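Asker: Sharing coords20.csv below, CSV, C-alpha atoms and all ligand atoms:
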```
chain,number,residue,atom,x,y,z
A,291,MET,CA,-4.4,12.9,-19.1
A,292,ALA,CA,-3.4,13.3,-15.5
A,293,ASP,CA,-0.3,15.3,-14.6
A,294,LYS,CA,2.9,13.6,-13.7
A,295,THR,CA,4.7,13.5,-10.4
A,296,SER,CA,8.2,12.2,-10.4
A,297,LEU,CA,11.4,11.8,-8.4
A,298,SER,CA,14.5,13.7,-9.7
A,299,ARG,CA,16.9,12.6,-7.0
A,300,LEU,CA,17.1,9.8,-4.4
A,301,ASN,CA,19.9,9.7,-1.9
A,302,LEU,CA,20.2,6.8,0.6
A,303,THR,CA,22.3,6.6,3.8
A,304,ASP,CA,22.7,3.3,5.7
A,305,PHE,CA,19.5,2.1,4.1
A,306,ARG,CA,19.3,-1.8,3.9
A,307,ASN,CA,22.4,-2.9,1.9
A,308,TYR,CA,23.3,0.7,0.8
A,309,ALA,CA,25.9,2.6,2.9
A,310,GLU,CA,25.6,5.6,0.6
A,311,ALA,CA,23.8,5.7,-2.8
A,312,SER,CA,22.6,8.4,-5.1
A,313,LEU,CA,20.3,8.3,-8.0
A,314,ARG,CA,19.7,11.2,-10.4
A,315,LEU,CA,16.6,10.8,-12.5
A,316,ASP,CA,14.6,12.4,-15.2
A,317,SER,CA,10.8,12.0,-15.2
A,318,ARG,CA,10.7,8.8,-17.3
A,319,HIS,CA,10.1,5.4,-15.9
A,320,VAL,CA,13.0,3.8,-14.0
A,321,VAL,CA,14.2,0.3,-14.7
A,322,LEU,CA,16.4,-1.3,-12.1
A,323,THR,CA,18.1,-4.6,-13.1
A,324,GLY,CA,20.7,-6.7,-11.3
A,325,GLU,CA,21.2,-10.1,-9.8
A,326,ASN,CA,19.2,-11.6,-6.9
A,327,GLY,CA,20.0,-9.9,-3.6
A,328,ALA,CA,21.6,-6.9,-5.4
A,329,GLY,CA,19.3,-4.3,-3.7
A,330,LYS,CA,16.6,-3.6,-6.3
A,331,THR,CA,13.6,-4.2,-4.0
A,332,ASN,CA,15.4,-2.1,-1.3
A,333,LEU,CA,15.4,0.8,-3.7
A,334,LEU,CA,11.7,0.5,-4.3
A,335,GLU,CA,11.2,0.2,-0.5
A,336,ALA,CA,13.1,3.5,-0.1
A,337,VAL,CA,10.7,5.2,-2.6
A,338,SER,CA,7.7,3.6,-0.7
A,339,PHE,CA,8.9,5.5,2.4
A,340,LEU,CA,7.9,8.7,0.5
A,341,SER,CA,4.3,7.7,1.5
A,342,PRO,CA,2.9,7.4,5.0
A,343,GLY,CA,3.3,4.1,6.8
A,344,ARG,CA,6.1,1.5,7.1
A,345,GLY,CA,6.9,1.0,3.4
A,346,LEU,CA,6.2,-1.8,1.0
A,347,ARG,CA,7.7,-4.4,3.4
A,348,ARG,CA,5.8,-3.1,6.4
A,349,ALA,CA,9.1,-3.1,8.1
A,350,VAL,CA,10.1,-2.7,11.7
A,351,LEU,CA,12.0,0.6,11.2
A,352,ALA,CA,15.1,-0.5,13.1
A,353,ASP,CA,15.5,-3.4,10.7
A,354,VAL,CA,15.7,-1.0,7.8
A,355,THR,CA,19.0,0.5,9.0
A,356,ARG,CA,22.0,-1.1,7.4
A,357,VAL,CA,23.4,-3.8,9.6
A,358,GLY,CA,26.5,-2.5,11.3
A,359,ALA,CA,25.7,1.2,10.7
A,360,PRO,CA,26.3,3.4,13.8
A,361,GLY,CA,23.0,5.3,13.8
A,362,GLY,CA,19.8,5.2,11.8
A,363,PHE,CA,19.0,5.4,8.1
A,364,ALA,CA,18.2,8.4,6.0
A,365,ILE,CA,16.4,8.9,2.7
A,366,PHE,CA,16.4,12.2,0.8
A,367,ALA,CA,14.4,12.8,-2.3
A,368,GLU,CA,13.7,15.7,-4.6
A,369,ILE,CA,10.3,15.4,-6.1
A,370,ASP,CA,8.3,17.2,-8.8
A,371,GLY,CA,5.1,16.8,-6.8
A,372,MET,CA,1.5,17.9,-6.8
A,373,GLU,CA,2.4,21.2,-5.2
A,374,GLY,CA,5.5,21.7,-7.4
A,375,GLU,CA,9.1,20.9,-6.5
A,376,VAL,CA,9.7,19.7,-3.0
A,377,SER,CA,12.5,18.0,-1.0
A,378,VAL,CA,11.7,15.3,1.4
A,379,GLY,CA,14.0,13.9,4.1
A,380,THR,CA,12.9,10.9,6.2
A,381,GLY,CA,14.5,8.3,8.4
A,382,ILE,CA,15.3,7.3,11.9
A,383,GLU,CA,18.1,8.6,14.1
A,384,THR,CA,18.6,6.0,16.8
A,385,ALA,CA,20.5,2.8,16.7
A,386,GLU,CA,19.1,-0.7,16.2
A,387,GLY,CA,16.9,-2.2,18.9
A,388,GLU,CA,15.5,1.0,20.4
A,389,THR,CA,11.9,2.1,19.9
A,390,VAL,CA,11.9,4.6,17.0
A,391,THR,CA,9.6,6.8,15.1
A,392,ARG,CA,10.1,8.0,11.6
A,393,ARG,CA,11.3,11.6,11.2
A,394,LEU,CA,10.1,13.6,8.3
A,395,ARG,CA,11.2,16.9,6.9
A,396,ILE,CA,9.5,18.6,3.9
A,397,ASN,CA,11.6,21.4,2.4
A,398,GLY,CA,13.8,21.2,5.5
A,399,THR,CA,10.9,21.8,7.9
A,400,PRO,CA,9.8,19.1,10.3
A,401,ALA,CA,6.4,17.7,9.3
A,402,ARG,CA,3.7,17.1,12.0
A,403,SER,CA,2.7,13.8,10.4
A,404,THR,CA,3.8,11.5,7.6
A,405,GLU,CA,0.3,12.1,6.2
A,406,GLU,CA,1.6,15.4,4.8
A,407,LEU,CA,3.5,13.4,2.2
A,408,THR,CA,0.2,12.7,0.5
A,409,ASP,CA,-0.1,16.4,-0.4
A,410,HIS,CA,2.9,16.0,-2.7
A,411,LEU,CA,3.0,12.4,-4.0
A,412,SER,CA,1.0,9.3,-4.2
A,413,VAL,CA,3.0,6.0,-4.2
A,414,LEU,CA,1.4,2.6,-5.0
A,415,TRP,CA,3.1,-0.7,-5.3
A,416,LEU,CA,2.9,-4.3,-6.4
A,417,THR,CA,5.4,-6.8,-5.1
A,418,PRO,CA,5.8,-10.6,-5.4
A,419,SER,CA,4.9,-10.9,-1.7
A,420,MET,CA,1.4,-9.8,-2.7
A,421,ASP,CA,1.0,-12.8,-5.1
A,422,GLY,CA,-0.7,-14.9,-2.4
A,423,LEU,CA,-3.3,-12.2,-1.6
A,424,PHE,CA,-6.3,-14.1,-2.8
A,425,THR,CA,-5.4,-17.4,-1.2
A,426,GLY,CA,-3.9,-15.8,2.0
A,427,THR,CA,-5.6,-14.4,5.1
A,428,ALA,CA,-8.6,-12.0,5.2
A,429,GLY,CA,-6.4,-9.7,7.3
A,430,ASP,CA,-3.9,-9.4,4.3
A,431,ARG,CA,-6.8,-8.5,2.0
A,432,ARG,CA,-8.3,-6.0,4.5
A,433,ARG,CA,-4.9,-4.3,4.7
A,434,PHE,CA,-4.6,-4.3,0.9
A,435,LEU,CA,-8.0,-2.7,0.6
A,436,ASP,CA,-7.2,-0.2,3.4
A,437,ARG,CA,-4.1,0.8,1.6
A,438,LEU,CA,-6.2,1.5,-1.6
A,439,VAL,CA,-8.6,3.6,0.5
A,440,LEU,CA,-5.7,5.4,2.1
A,441,SER,CA,-4.3,6.7,-1.1
A,442,LEU,CA,-7.4,8.7,-1.8
A,443,ASP,CA,-8.5,9.3,1.9
A,444,PRO,CA,-5.4,9.9,4.1
A,445,SER,CA,-7.5,10.0,7.2
A,446,HIS,CA,-8.5,6.4,6.8
A,447,GLY,CA,-5.2,5.1,8.4
A,448,ARG,CA,-6.0,7.1,11.6
A,449,ARG,CA,-9.6,5.8,11.5
A,450,VAL,CA,-8.4,2.2,11.4
A,451,SER,CA,-5.8,2.6,14.1
A,452,ASP,CA,-8.3,4.5,16.4
A,453,PHE,CA,-10.9,1.7,15.9
A,454,GLU,CA,-8.4,-1.0,16.7
A,455,ARG,CA,-7.1,0.9,19.8
A,456,THR,CA,-10.7,1.4,21.1
A,457,MET,CA,-11.6,-2.2,20.4
A,458,ARG,CA,-8.6,-3.4,22.4
A,459,SER,CA,-9.7,-1.4,25.4
A,460,ARG,CA,-13.2,-3.0,25.1
A,461,ASN,CA,-11.6,-6.4,24.9
A,462,ARG,CA,-9.5,-5.7,28.0
A,463,LEU,CA,-12.5,-4.6,30.0
A,464,LEU,CA,-14.5,-7.6,29.0
A,465,SER,CA,-11.7,-10.1,29.6
A,466,GLU,CA,-11.1,-8.6,33.1
A,467,GLY,CA,-14.9,-9.1,33.8
A,468,ARG,CA,-15.4,-5.3,34.3
A,469,PHE,CA,-18.9,-5.0,32.8
A,470,ASP,CA,-19.2,-1.3,33.7
A,471,PRO,CA,-22.2,-0.4,31.5
A,472,SER,CA,-21.5,3.3,31.1
A,473,TRP,CA,-17.9,2.8,30.4
A,474,LEU,CA,-18.6,0.1,27.9
A,475,SER,CA,-21.3,2.1,26.2
A,476,ALA,CA,-19.0,5.0,25.7
A,477,ILE,CA,-16.3,2.8,24.2
A,478,GLU,CA,-18.9,1.0,22.0
A,479,ALA,CA,-20.3,4.3,20.8
A,480,GLN,CA,-16.8,5.3,19.7
A,481,MET,CA,-16.2,2.0,18.0
A,482,ALA,CA,-19.6,2.3,16.2
A,483,GLY,CA,-18.7,5.7,14.8
A,484,LEU,CA,-15.2,4.7,13.7
A,485,GLY,CA,-16.3,1.2,12.5
A,486,ILE,CA,-19.1,2.5,10.3
A,487,ALA,CA,-16.8,5.2,8.8
A,488,MET,CA,-14.2,2.6,8.0
A,489,ALA,CA,-16.8,0.3,6.4
A,490,ALA,CA,-18.3,3.2,4.4
A,491,ALA,CA,-14.8,4.3,3.1
A,492,ARG,CA,-14.1,0.8,2.0
A,493,GLN,CA,-17.4,0.5,0.3
A,494,GLU,CA,-16.9,3.8,-1.5
A,495,MET,CA,-13.5,2.7,-2.8
A,496,LEU,CA,-15.1,-0.5,-4.2
A,497,GLY,CA,-17.9,1.5,-5.8
A,498,LEU,CA,-15.4,3.7,-7.5
A,499,LEU,CA,-13.3,0.7,-8.8
A,500,ARG,CA,-16.5,-0.9,-10.0
A,501,GLN,CA,-17.5,2.2,-11.9
A,502,LEU,CA,-14.1,2.4,-13.5
A,503,SER,CA,-14.0,-1.2,-14.6
A,504,ALA,CA,-17.5,-0.8,-16.1
A,505,GLN,CA,-15.9,1.8,-18.5
A,506,ASN,CA,-12.8,-0.3,-18.9
A,507,GLY,CA,-11.7,-0.5,-22.5
A,508,ASP,CA,-9.2,-2.8,-24.0
A,509,THR,CA,-6.9,-4.3,-21.4
A,510,PRO,CA,-4.9,-7.6,-21.5
A,511,PHE,CA,-5.9,-8.1,-17.9
A,512,PRO,CA,-9.0,-9.7,-16.5
A,513,THR,CA,-11.6,-7.6,-14.7
A,514,PRO,CA,-11.9,-8.2,-11.0
A,515,SER,CA,-15.4,-8.2,-9.4
A,516,LEU,CA,-15.1,-6.8,-5.9
A,517,ALA,CA,-17.3,-7.2,-2.8
A,518,LEU,CA,-17.0,-6.9,0.9
A,519,LYS,CA,-18.3,-9.6,3.2
A,520,GLY,CA,-18.3,-10.3,6.9
A,521,PHE,CA,-19.7,-7.0,8.4
A,522,LEU,CA,-23.1,-5.5,8.0
A,523,ASP,CA,-23.4,-7.3,4.6
A,524,GLU,CA,-26.9,-6.0,4.1
A,525,GLY,CA,-28.0,-2.4,3.9
A,526,MET,CA,-24.8,-0.5,3.8
A,527,ASP,CA,-26.7,2.1,1.8
A,528,ARG,CA,-28.7,3.1,4.8
A,529,PRO,CA,-27.8,6.4,6.7
A,530,ALA,CA,-24.6,6.2,8.7
A,531,ALA,CA,-26.5,7.1,11.9
A,532,ASP,CA,-28.7,4.0,11.6
A,533,LEU,CA,-25.8,1.7,10.8
A,534,GLU,CA,-24.0,3.1,13.9
A,535,ASP,CA,-27.0,2.4,16.0
A,536,ASP,CA,-27.2,-1.2,14.7
A,537,TYR,CA,-23.5,-1.8,15.3
A,538,ARG,CA,-23.7,-0.3,18.8
A,539,ALA,CA,-26.7,-2.5,19.7
A,540,MET,CA,-24.9,-5.5,18.3
A,541,LEU,CA,-21.8,-4.8,20.5
A,542,GLU,CA,-24.0,-4.3,23.6
A,543,ALA,CA,-25.9,-7.5,23.0
A,544,GLU,CA,-22.7,-9.5,22.4
A,545,ARG,CA,-20.7,-8.4,25.5
A,546,TYR,CA,-20.9,-11.8,27.2
A,547,ARG,CA,-20.2,-13.8,24.1
A,548,ASP,CA,-17.2,-11.5,23.3
A,549,ALA,CA,-15.9,-11.8,26.8
A,550,ALA,CA,-16.0,-15.6,26.5
A,551,ALA,CA,-14.3,-15.5,23.1
A,552,GLY,CA,-11.6,-13.0,24.4
A,553,ARG,CA,-12.2,-10.7,21.4
A,554,THR,CA,-14.8,-8.7,19.6
A,555,LEU,CA,-16.5,-11.0,17.1
A,556,GLU,CA,-18.4,-8.5,15.0
A,557,GLY,CA,-16.9,-5.5,13.3
A,558,PRO,CA,-15.1,-4.0,10.3
A,559,HIS,CA,-12.0,-5.8,11.5
A,560,ARG,CA,-13.6,-9.1,10.5
A,561,ALA,CA,-14.6,-8.0,6.9
A,562,ASP,CA,-13.0,-9.7,3.9
A,563,LEU,CA,-12.5,-8.5,0.4
A,564,LEU,CA,-14.0,-11.0,-2.1
A,565,VAL,CA,-12.5,-10.9,-5.6
A,566,ARG,CA,-13.8,-12.8,-8.6
A,567,HIS,CA,-12.5,-13.2,-12.1
A,568,ARG,CA,-15.4,-11.6,-13.9
A,569,GLU,CA,-14.9,-13.0,-17.4
A,570,LYS,CA,-14.6,-16.6,-16.0
A,571,ASP,CA,-17.1,-16.0,-13.2
A,572,MET,CA,-14.8,-17.7,-10.8
A,573,GLU,CA,-13.5,-16.8,-7.3
A,574,ALA,CA,-10.0,-15.4,-7.5
A,575,GLU,CA,-8.6,-18.1,-5.1
A,576,ARG,CA,-9.7,-20.8,-7.5
A,577,CYS,CA,-8.0,-19.2,-10.5
A,578,SER,CA,-4.6,-20.4,-11.7
A,579,THR,CA,-1.4,-18.7,-10.4
A,580,GLY,CA,-1.0,-16.8,-13.6
A,581,GLU,CA,-4.6,-15.7,-13.6
A,582,GLN,CA,-4.3,-14.6,-10.0
A,583,LYS,CA,-1.3,-12.5,-10.9
A,584,ALA,CA,-3.1,-11.0,-13.9
A,585,LEU,CA,-6.1,-10.2,-11.7
A,586,LEU,CA,-3.8,-8.5,-9.1
A,587,ILE,CA,-2.0,-6.5,-11.8
A,588,GLY,CA,-5.4,-5.4,-13.2
A,589,LEU,CA,-6.6,-4.4,-9.8
A,590,VAL,CA,-3.5,-2.4,-8.9
A,591,LEU,CA,-3.5,-0.6,-12.3
A,592,ALA,CA,-7.2,0.1,-12.1
A,593,HIS,CA,-6.6,1.7,-8.7
A,594,ALA,CA,-3.6,3.7,-10.1
A,595,ARG,CA,-5.9,5.0,-12.8
A,596,LEU,CA,-8.6,5.9,-10.3
A,597,THR,CA,-6.0,7.8,-8.2
A,598,ALA,CA,-5.0,9.7,-11.3
A,599,ASP,CA,-8.6,10.5,-12.2
A,600,MET,CA,-9.5,11.6,-8.7
A,601,THR,CA,-6.5,13.6,-7.9
A,602,GLY,CA,-5.5,14.8,-11.3
A,603,TYR,CA,-2.0,13.4,-10.7
A,604,ALA,CA,-0.7,10.0,-11.8
A,605,PRO,CA,0.8,8.1,-8.9
A,606,VAL,CA,4.4,6.8,-8.7
A,607,LEU,CA,4.2,3.1,-9.2
A,608,LEU,CA,6.6,0.6,-7.7
A,609,LEU,CA,6.4,-2.6,-9.6
A,610,ASP,CA,8.7,-5.3,-8.3
A,611,GLU,CA,9.4,-8.1,-10.8
A,612,ILE,CA,6.1,-7.4,-12.5
A,613,ALA,CA,7.3,-8.7,-15.9
A,614,ALA,CA,8.9,-11.9,-14.6
A,615,HIS,CA,6.2,-14.5,-15.7
A,616,LEU,CA,4.8,-12.8,-18.8
A,617,ASP,CA,5.5,-13.6,-22.4
A,618,GLU,CA,6.9,-10.9,-24.6
A,619,GLY,CA,3.5,-9.8,-26.1
A,620,ARG,CA,1.9,-9.5,-22.6
A,621,ARG,CA,4.9,-7.7,-21.3
A,622,ALA,CA,4.8,-5.1,-24.1
A,623,ALA,CA,1.0,-4.6,-23.5
A,624,LEU,CA,1.6,-4.2,-19.8
A,625,PHE,CA,4.3,-1.6,-20.4
A,626,ASP,CA,2.0,0.3,-22.7
A,627,LEU,CA,-0.7,0.2,-20.1
A,628,ILE,CA,1.7,1.5,-17.4
A,629,ASP,CA,3.0,4.2,-19.6
A,630,GLY,CA,-0.6,5.2,-20.5
A,631,LEU,CA,-1.2,6.0,-16.9
A,632,GLY,CA,1.0,9.0,-17.3
A,633,GLY,CA,3.1,8.6,-14.2
A,634,GLN,CA,6.7,7.6,-13.3
A,635,SER,CA,7.0,3.9,-12.6
A,636,PHE,CA,9.9,2.1,-11.0
A,637,MET,CA,10.3,-1.5,-12.3
A,638,THR,CA,12.7,-4.2,-11.4
A,639,GLY,CA,13.9,-7.4,-13.0
A,640,THR,CA,17.0,-9.6,-13.4
A,641,ASP,CA,17.4,-9.0,-17.1
A,642,ARG,CA,17.5,-5.7,-18.9
A,643,GLN,CA,16.4,-7.3,-22.1
A,644,MET,CA,12.9,-7.9,-20.6
A,645,PHE,CA,12.3,-4.2,-20.6
A,646,SER,CA,13.5,-3.5,-24.2
A,647,SER,CA,10.0,-2.6,-25.5
A,648,LEU,CA,10.0,0.4,-23.1
A,649,ALA,CA,13.0,1.7,-25.1
A,650,GLU,CA,13.2,5.5,-24.8
A,651,ARG,CA,10.3,5.6,-22.4
A,652,ALA,CA,12.6,4.5,-19.5
A,653,GLN,CA,16.0,5.2,-17.9
A,654,PHE,CA,18.0,2.1,-17.1
A,655,PHE,CA,20.2,1.4,-14.0
A,656,THR,CA,22.2,-1.6,-12.9
A,657,VAL,CA,22.1,-2.5,-9.2
A,658,SER,CA,24.9,-4.5,-7.7
A,659,HIS,CA,25.5,-5.1,-4.0
A,660,GLY,CA,24.7,-1.7,-2.6
A,661,GLY,CA,25.8,0.2,-5.7
A,662,ILE,CA,23.9,1.7,-8.6
A,663,GLY,CA,25.3,2.2,-12.0
A,664,GLY,CA,24.0,3.6,-15.3
A,701,LIG,N1,19.2,-3.9,7.2
A,701,LIG,C1,20.0,-4.4,6.3
A,701,LIG,N2,21.3,-4.2,6.3
A,701,LIG,C2,22.1,-4.8,5.3
A,701,LIG,N3,21.6,-5.6,4.3
A,701,LIG,C3,20.3,-5.8,4.3
A,701,LIG,C4,19.4,-5.2,5.3
A,701,LIG,N4,18.2,-5.6,5.0
A,701,LIG,C5,18.3,-6.4,3.8
A,701,LIG,N5,19.6,-6.5,3.4
A,701,LIG,C6,20.1,-7.2,2.3
A,701,LIG,O1,19.8,-6.5,1.1
A,701,LIG,C7,20.0,-7.4,0.0
A,701,LIG,C8,19.2,-7.0,-1.2
A,701,LIG,O2,17.8,-7.2,-1.0
A,701,LIG,P1,16.7,-6.9,-2.2
A,701,LIG,O3,15.5,-7.5,-1.7
A,701,LIG,O4,16.7,-5.4,-2.5
A,701,LIG,O5,17.3,-7.7,-3.4
A,701,LIG,P2,16.8,-7.7,-4.9
A,701,LIG,O6,17.8,-7.1,-5.8
A,701,LIG,O7,15.4,-7.2,-5.0
A,701,LIG,O8,16.8,-9.3,-5.1
A,701,LIG,P3,15.8,-10.4,-5.8
A,701,LIG,O9,16.1,-10.3,-7.3
A,701,LIG,O10,16.3,-11.6,-5.2
A,701,LIG,O11,14.4,-10.0,-5.4
A,701,LIG,C9,19.8,-8.8,0.6
A,701,LIG,O12,20.9,-9.6,0.4
A,701,LIG,C10,19.5,-8.5,2.1
A,701,LIG,O13,20.1,-9.5,2.9
```
Could I get this structure in the form of structure tokens?
Answerer:
Amino acid sequence: MADKTSLSRLNLTDFRNYAEASLRLDSRHVVLTGENGAGKTNLLEAVSFLSPGRGLRRAVLADVTRVGAPGGFAIFAEIDGMEGEVSVGTGIETAEGETVTRRLRINGTPARSTEELTDHLSVLWLTPSMDGLFTGTAGDRRRFLDRLVLSLDPSHGRRVSDFERTMRSRNRLLSEGRFDPSWLSAIEAQMAGLGIAMAAARQEMLGLLRQLSAQNGDTPFPTPSLALKGFLDEGMDRPAADLEDDYRAMLEAERYRDAAAGRTLEGPHRADLLVRHREKDMEAERCSTGEQKALLIGLVLAHARLTADMTGYAPVLLLDEIAAHLDEGRRAALFDLIDGLGGQSFMTGTDRQMFSSLAERAQFFTVSHGGIGG
């Protein structure tokens, strides 16, 4: 079984509805219960800031600071991580409304990039806002997939943002009618390198998930079949250099069409993640609400297992209201599955009773309006 990473302390200052809060933890699962609006999801969001990016709400950082607080917000955590015990401090220092970047200190030393967090901890989440993933936009599904890739390949985030920045400069040149061939060629070559690397990393992740689900034993959740569509659908198994040549030629050939459209019409930014319910042989978007939720849980847990297998460390899982619509038997099976992953999971709900089958495997806290009790 994979080793465990866990949080032993979480302190919040001016974070969402918490002025000051402190949580001391052992390495078991953490169950947070309380009424609607108490601050349960906010606590999960705080933990999600122990990974690169903008957290599980993809928040504008200034909005995270408690309304009425004089400065920014701060999160401090003590972690038993992949490289042993480590303390992490992160937050912003400026007041609401200003352009801010997230500060990060690891063991008191400023970190160069939030990517350094992935040396210590992997944090994955599933929240109710992801429930519409299969019926929502291709952009949401791409971001979901990119997040899966990122947890095993921290450079993927940089790759995606560099591609998007380069594409924007091509779009600008084309929309201004500046068809300077050497300038455009240089930009398109860069886009081709980054774009093919992005597509390959996504394909690799899907390949790994497919392999894992082929060996999947007994699980109460349906198996998702996964495929990418919308960019170089054929022949992704060819050498990267050939694919880059193809994409570069495609961009060059489509300059006038893209100029007229005002955007780049071909690329990894147009790909979509297609998910099917394998047992029913049905597209995920045509499955029932409950089936879609079960598919999503199955997918996120499969990814958690993959992360544990590949890194040797079980990720920290943030599962917001995951048990809400499950009957007692399915809930108990889900908790066994989560526990079997070997990591520390944070789970929320309105009713402590829902989590009773976790018993001694979890520590329980009650959250109420910016306060946390035992
Ligand atoms: N920047 C902020 N400053 C102060 N309060 C905030 C801020 N951002 C969000 N809140 C408040 O935090 C409260 C708690 O939100 P949270 O989403 O954590 O609740 P919850 O316990 O998960 O509730 P539910 O069970 O309804 O999902 C909300 O009332 C929200 O208005």
Asker: Ligand LIG 701 (chain A): which residues are within 6 Å, counting all atoms listed in the file? Reply as a PyMOL selection string.
Answerer: chain A and resi 306-307+325-332+353-357
Asker: Do a neighbour search on Arg621 (chain A) at 12 Å with all atoms listed in the file, toss out local chain neighbours closer than 2 positions, and write the hits as a list of chain:residue names.
Answerer: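 In the requested format, the answer is A:Pro510, A:Phe511, A:Ala584, A:Ile587, A:Glu611, A:Ile612, A:Ala613, A:Ala614, A:His615, A:Leu616, A:Asp617, A:Glu618, A:Gly619, A:Ala623, A:Leu624, A:Phe625, A:Asp626, A:Leu627, A:Ile628, A:Gln643, A:Met644, A:Phe645, A:Ser646, A:Ser647, A:Leu648.
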Asker: Using all atoms listed in the file, determine which residues lie at most 12 Å from Phe469 (chain A), disregarding the query and same-chain residues fewer than 5 positions distant; provide the list as a PyMOL selection string.
Answerer: chain A and resi 460-464+474-475+477+542+544-546+548-549
Asker: Residues at most 8 Å from region 591-597 of chain A, counting all atoms listed in the file, excluding those fewer than 5 positions away in the same chain, as a PyMOL selection string?
Answerer: chain A and resi 414+438+441-442+498-499+502-503+602-605+607+628+631
Asker: Print the selection's residues with C-alpha atoms to a file, as a CSV table (one decimal), keeping the file's coordinate frame.
Answerer:
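Output file out-v4.csv follows:
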```csv
chain,number,residue,atom,x,y,z
A,414,LEU,CA,1.4,2.6,-5.0
A,438,LEU,CA,-6.2,1.5,-1.6
A,441,SER,CA,-4.3,6.7,-1.1
A,442,LEU,CA,-7.4,8.7,-1.8
A,498,LEU,CA,-15.4,3.7,-7.5
A,499,LEU,CA,-13.3,0.7,-8.8
A,502,LEU,CA,-14.1,2.4,-13.5
A,503,SER,CA,-14.0,-1.2,-14.6
A,602,GLY,CA,-5.5,14.8,-11.3
A,603,TYR,CA,-2.0,13.4,-10.7
A,604,ALA,CA,-0.7,10.0,-11.8
A,605,PRO,CA,0.8,8.1,-8.9
A,607,LEU,CA,4.2,3.1,-9.2
A,628,ILE,CA,1.7,1.5,-17.4
A,631,LEU,CA,-1.2,6.0,-16.9
```
Asker: Find, counting only C-alpha atoms, the residue in A:Ser419, A:Ser578, A:Thr404, A:Ser317 that gets nearest to Asp370 (chain A).
Answerer: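 Of A:Ser419, A:Ser578, A:Thr404, A:Ser317, the one nearest Asp370 (chain A) is A:Ser317, counting only C-alpha atoms.
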Asker: Need the shell around Ser445 (chain A): protein/DNA/RNA residues with any atom at most 12 Å away, counting only C-alpha atoms. Skip same-chain ones fewer than 3 positions apart. Format as a list in words?
Answerer: Pro342, Ser403, Thr404, Glu405, Glu406, Thr408, Asp436, Arg437, Val439, Leu440, Ser441, Leu442, Arg448, Arg449, Val450, Ser451, Asp452, Leu484, Ala487, Met488 and Ala491 of chain A
Asker: Could you check which of A:Ile369, A:Met291, A:Leu608, A:Leu407 is closest to Gly632 (chain A), using only C-alpha atoms?
Answerer: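 The answer is A:Met291, which sits nearest to Gly632 (chain A).
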Asker: Using Å and a single decimal, report how far CA of Val413 (chain A) sits from CA of Arg395 (chain A).
Answerer: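 Atom-to-atom, CA of Arg395 (chain A) to CA of Val413 (chain A), that is 17.6 Å.
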Asker: What is the distance, in Å and to one decimal place, between CA of Pro471 (chain A) and CA of Gly520 (chain A)?
Answerer: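 Calculated distance between CA of Pro471 (chain A) and CA of Gly520 (chain A) is 26.8 Å.
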Asker: Which is closer to Arg538 (chain A) than all the others in A:Ala292, A:Met572, A:Val606, A:Ile486, using all atoms listed in the file?
Answerer: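 Among the listed residues, A:Ile486 lies closest to Arg538 (chain A).
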Asker: With all atoms listed in the file as the atoms that count, which of A:Leu496, A:Leu518, A:Leu411, A:Ala550 lies nearest to Pro444 (chain A)?
Answerer: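 Closest candidate: A:Leu411.
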Asker: Restore N, CA and C atoms in region 360-369 of chain A and list the result as a short mmCIF file (atom, residue, chain, number, x, y, z; two decimals), keeping the file's coordinate frame.
Answerer:
```cif
data_model
loop_
_atom_site.label_atom_id
_atom_site.label_comp_id
_atom_site.auth_asym_id
_atom_site.auth_seq_id
_atom_site.Cartn_x
_atom_site.Cartn_y
_atom_site.Cartn_z
N PRO A 360 26.27 2.85 12.44
CA PRO A 360 26.30 3.40 13.80
C PRO A 360 25.01 4.00 14.29
N GLY A 361 24.23 4.60 13.37
CA GLY A 361 23.00 5.30 13.80
C GLY A 361 21.80 4.73 13.11
N GLY A 362 20.97 5.60 12.54
CA GLY A 362 19.80 5.20 11.80
C GLY A 362 19.97 5.21 10.34
N PHE A 363 18.87 5.27 9.60
CA PHE A 363 19.00 5.40 8.10
C PHE A 363 18.36 6.72 7.70
N ALA A 364 18.73 7.17 6.51
CA ALA A 364 18.20 8.40 6.00
C ALA A 364 17.86 8.24 4.48
N ILE A 365 16.74 8.84 4.09
CA ILE A 365 16.40 8.90 2.70
C ILE A 365 16.13 10.37 2.35
N PHE A 366 16.70 10.81 1.25
CA PHE A 366 16.40 12.20 0.80
C PHE A 366 15.97 12.12 -0.63
N ALA A 367 14.90 12.82 -0.93
CA ALA A 367 14.40 12.80 -2.30
C ALA A 367 14.01 14.20 -2.76
N GLU A 368 14.27 14.46 -4.02
CA GLU A 368 13.70 15.70 -4.60
C GLU A 368 12.62 15.22 -5.56
N ILE A 369 11.48 15.90 -5.43
CA ILE A 369 10.30 15.40 -6.10
C ILE A 369 9.63 16.58 -6.87
#
```
